[in-house]
Amino acid sequence: MKGLTTIDSLSRADLGALTRRGSSLRDRLDAGGQVERPLAGMCVANLFFEPSTRTRLSFDLAAQRLGAEVITFNPETASTKKGESLKDTVLTIAAIGADILVVRHEQNGVPQRVAEWSGLPVVNAGDGTHEHPTQMLVDAVTMWRHFGRLEGLRMAIVGDVSHSRVAGSLMRGMPALGVDLTLVGPAEWLPDETAGCSTSLSLDDVLVTVDVVYLLRVQTERGGKITPGYVDGYQLDGARSASLGTDAVILHPGPMNRGVEIAEEVAESPRCLVTEQVRNGVPVRMAVLGAIAEGAL
Amino acid sequence: MKGLTTIDSLSRADLGALTRRGSSLRDRLDAGGQVERPLAGMCVANLFFEPSTRTRLSFDLAAQRLGAEVITFNPETASTKKGESLKDTVLTIAAIGADILVVRHEQNGVPQRVAEWSGLPVVNAGDGTHEHPTQMLVDAVTMWRHFGRLEGLRMAIVGDVSHSRVAGSLMRGMPALGVDLTLVGPAEWLPDETAGCSTSLSLDDVLVTVDVVYLLRVQTERGGKITPGYVDGYQLDGARSASLGTDAVILHPGPMNRGVEIAEEVAESPRCLVTEQVRNGVPVRMAVLGAIAEGAL
Amino acid sequence: MKGLTTIDSLSRADLGALTRRGSSLRDRLDAGGQVERPLAGMCVANLFFEPSTRTRLSFDLAAQRLGAEVITFNPETASTKKGESLKDTVLTIAAIGADILVVRHEQNGVPQRVAEWSGLPVVNAGDGTHEHPTQMLVDAVTMWRHFGRLEGLRMAIVGDVSHSRVAGSLMRGMPALGVDLTLVGPAEWLPDETAGCSTSLSLDDVLVTVDVVYLLRVQTERGGKITPGYVDGYQLDGARSASLGTDAVILHPGPMNRGVEIAEEVAESPRCLVTEQVRNGVPVRMAVLGAIAEGAL
């Protein structure tokens, strides 16, 4: 295995090491000054076939901070307009001299195929409804920094779990780190395969028992529908937030739909660690890219 | 105050210091070789919500020359397509690790709001019809290098003054530096609030008296209409240019509409310092970013 | 002459020197580690008015690897939307501080005009149906590395020769290096001016005699039509590939239309050196940019 296309490729020890490394890099960035540049002379190619702000810019800055040269493939201004196949595009970018590929694509499995075609380490920056592994690591770092532990934490993932690639990675990684997961949502949004996680149709039942509420964005661009019933039953509003335990926190992979899965007042409350999650984005991606450069991934 | 969202935040001493610093950096760039890199380890994020060539590339190169990592938010390929609010986009980019934000937006006041939301120093790269402060500093450097002084120069700003953000910054900054300003244009394009500047409906009356003619672009994309009457009365053509004093010069923030506010032959004449203005773009933005990095802005 | 807008400006000695320098840089990149940075403190501006993947990213990475700052003009987000002329855009980017311009444009001759307007060294990254000189150097390096020589090689260029800028540069450069060229295609796609090259209407006649088959992409976006007759008569399929000499190789400037000018199985065969061509893209552009920085071009 090279790169990081799925959390399944990481052992529990890998997950722990990347979490600690990401958190340590966060401390070093917060302290200011420059970090080592283990990617000097290497080229990271960003291939984002889907729109992105936080993930693309996080990888861009992470690679630059490690000393890499960064090239960015933009489907809007690329030869794909000339009818080039995805495979040829990938082989071209590999042959140009990329050392690591960062890939986001609307179809499940594309990052894995890109890795097979190119022979290069690929970091999956989100593929269809499948996985978003660096987001899972970001969340692990955020929880670890907040609680000082992961083992034994109880976490609910709320919303359209079956179509969420973030949920796909969380369901693979969090139990391995000792986090107890419950999937919450309307029946049609819960996956058939729950990988041993508990499920619940009632957010209200679950809220009082968890340390972490992980809200998913309703992905209207993937066919998700925002119904009044959804908002009534699953929006984390002020009343529901008040039923959480004193120390419980709220995570969201962003971008948030305020007024849909989360109320404005809750999004702005100190319980909501969304900004912490984003702050951990660059150091976690530095940890992953650094581990790849060392051959550890 | 952090950053530079309005010329109003600068004292006369600040304006003089930034003008001298920009001019000095211009000399150093012209002499070749590399400059110090006070922004090494810092990240400058460019957020251009409106099209731009000269301003965006000037900030990009200025930041790189100072050693910064640069990340560029592109609304075309960003999560704003997922319905993310401007505020959430800004908070995300701040949390990713940007140290300085450069913001252009079609609405007045957005850079100031971005500064308030993010707590980061923001450089206004043009907001609506409000201000474009680094352009004013570019113009001050250009005039200072040409005349060896600013105090006592007489300058006419010609065209759609009321809708021009460049004029907005010039009207705030030039009088503070001792420049005597006259606003020239058809009555409907002169602002109600002239901040003590003289006004004139006749370009011909004013030309013989000024050291600097500052032509504004007719901004058709903001509703400005190019009428034959405008061209007749206000285009700086060869005849009008000939009525200027021997040492008088022409400035324009670009891009020029040749044949509208300026005749081709005048745009190409040695009096027209447009290229000098662009050459001063990078060193002036280096001066601003450098002052911010030092905490002086 | 400054820069590289046409192969005509290169002597045979220049062509040989750039070929050797590109090949040597390829070896150094393959060996890993960092190369010298003769462009430190210089700014390379990429001006791509047409879509591109391999060429744009190759120049971007080549410039970064040589230590340059890179700024990228994107027509999609630029002031050309405000009606700025090409000349003003170019003069602006030159004045911002670019030291070398890389230009792709749909119209023949634009890079040369850009060089005249700006006074800066310009590298032609493809202009209309005219030339694509760095592609010719890439191909020379690829053939030289494969055969150990160029003198005496026999090469067929197959397809829409008259509209191909790659063919335009090959026809200027390859004969000077001692390569014997035959132009192959339907009569309406062969140029009137063949510069002393042989021509043939029959691919089958030519295949048995050549060392290099150079396939051109049918450029439907330039009016090229893919007819069944073309595929029947000129597609390099498995049977035709089998009639090639044992050591003969296939080149293609990419992107390939698999199933049009080349069959899938042939594109995937070891004879097809397309990936080698792409691998030589960055070192060849480094050779060109490096020679310009030294004043040798």
# chains A, B, ... in the order shown; residues from 1 in each chain; ligands from 1
>>> select_by_dssp(residues="stretch 41-123 of chain B", states="alpha helix (DSSP H)", output="number ranges by chain")
B: 54-65, 86-96, 110-118
>>> residues_around(residues="stretch 9-22 of chain A", least_positions_apart="6", cutoff="6 Å", atoms="only C-alpha atoms", output="list in words")
Val141, Ala176, Pro283, Val284 and Ala287 of chain A
>>> interface_residues(of="chain A", to="chain C", cutoff="12 Å", atoms="only C-alpha atoms", output="ChimeraX atom specification")
/A:38-47,64,67-99,118
>>> residues_around(residues="C:Ala248", least_positions_apart="2", cutoff="12 Å", atoms="only C-alpha atoms", output="MDAnalysis selection string")
chainID C and resid 143 146:147 153:156 207:214 241:246 250:251 270:273
>>> write_last_selection(atoms="C-alpha atoms", output="mmCIF file, in the first residue's frame")
data_model
loop_
_atom_site.group_PDB
_atom_site.id
_atom_site.type_symbol
_atom_site.label_atom_id
_atom_site.label_comp_id
_atom_site.auth_asym_id
_atom_site.auth_seq_id
_atom_site.Cartn_x
_atom_site.Cartn_y
_atom_site.Cartn_z
ATOM 1 C CA MET C 143 14.331 10.021 -29.903
ATOM 2 C CA HIS C 146 15.994 5.971 -27.390
ATOM 3 C CA PHE C 147 18.227 5.623 -30.440
ATOM 4 C CA LEU C 153 16.721 8.495 -38.481
ATOM 5 C CA ARG C 154 13.688 8.204 -40.754
ATOM 6 C CA MET C 155 10.467 9.671 -39.363
ATOM 7 C CA ALA C 156 6.897 9.817 -40.673
ATOM 8 C CA LEU C 207 5.516 2.157 -42.258
ATOM 9 C CA VAL C 208 8.036 -0.467 -43.302
ATOM 10 C CA THR C 209 10.706 2.141 -43.955
ATOM 11 C CA VAL C 210 10.699 4.345 -40.855
ATOM 12 C CA ASP C 211 12.263 4.408 -37.402
ATOM 13 C CA VAL C 212 9.694 6.776 -35.916
ATOM 14 C CA VAL C 213 5.972 7.079 -36.597
ATOM 15 C CA TYR C 214 4.771 10.413 -35.286
ATOM 16 C CA SER C 241 2.035 -1.625 -35.981
ATOM 17 C CA ALA C 242 3.170 -5.210 -36.715
ATOM 18 C CA SER C 243 4.522 -4.094 -40.065
ATOM 19 C CA LEU C 244 6.928 -1.647 -38.414
ATOM 20 C CA GLY C 245 10.592 -2.531 -38.143
ATOM 21 C CA THR C 246 11.638 -4.245 -34.933
ATOM 22 C CA ILE C 250 5.640 5.544 -32.025
ATOM 23 C CA LEU C 251 5.404 9.110 -30.788
ATOM 24 C CA PRO C 270 5.962 -0.775 -25.426
ATOM 25 C CA ARG C 271 6.725 0.761 -28.832
ATOM 26 C CA CYS C 272 4.625 3.754 -27.921
ATOM 27 C CA LEU C 273 6.865 6.292 -26.190
#
>>> atom_distance(atom1="atom CA of A:Leu289", atom2="atom CA of A:Asp127")
18.4 Å
>>> residues_around(residues="stretch 190-193 of chain B", least_positions_apart="6", cutoff="10 Å", atoms="only C-alpha atoms", output="PyMOL selection string")
chain B and resi 158-164+168+183-184+199-201
>>> closest_residue(among="B:Ala63, B:Glu36, B:Arg28, B:Thr6", to="B:Val110", atoms="only C-alpha atoms")
B:Thr6
>>> select_by_dssp(residues="stretch 85-191 of chain B", states="strand (DSSP E)", output="ChimeraX atom specification")
/B:100-105,122-127,154-158,180-184
>>> atom_distance(atom1="atom CA of C:Gln112", atom2="atom CA of C:Glu188")
28.2 Å
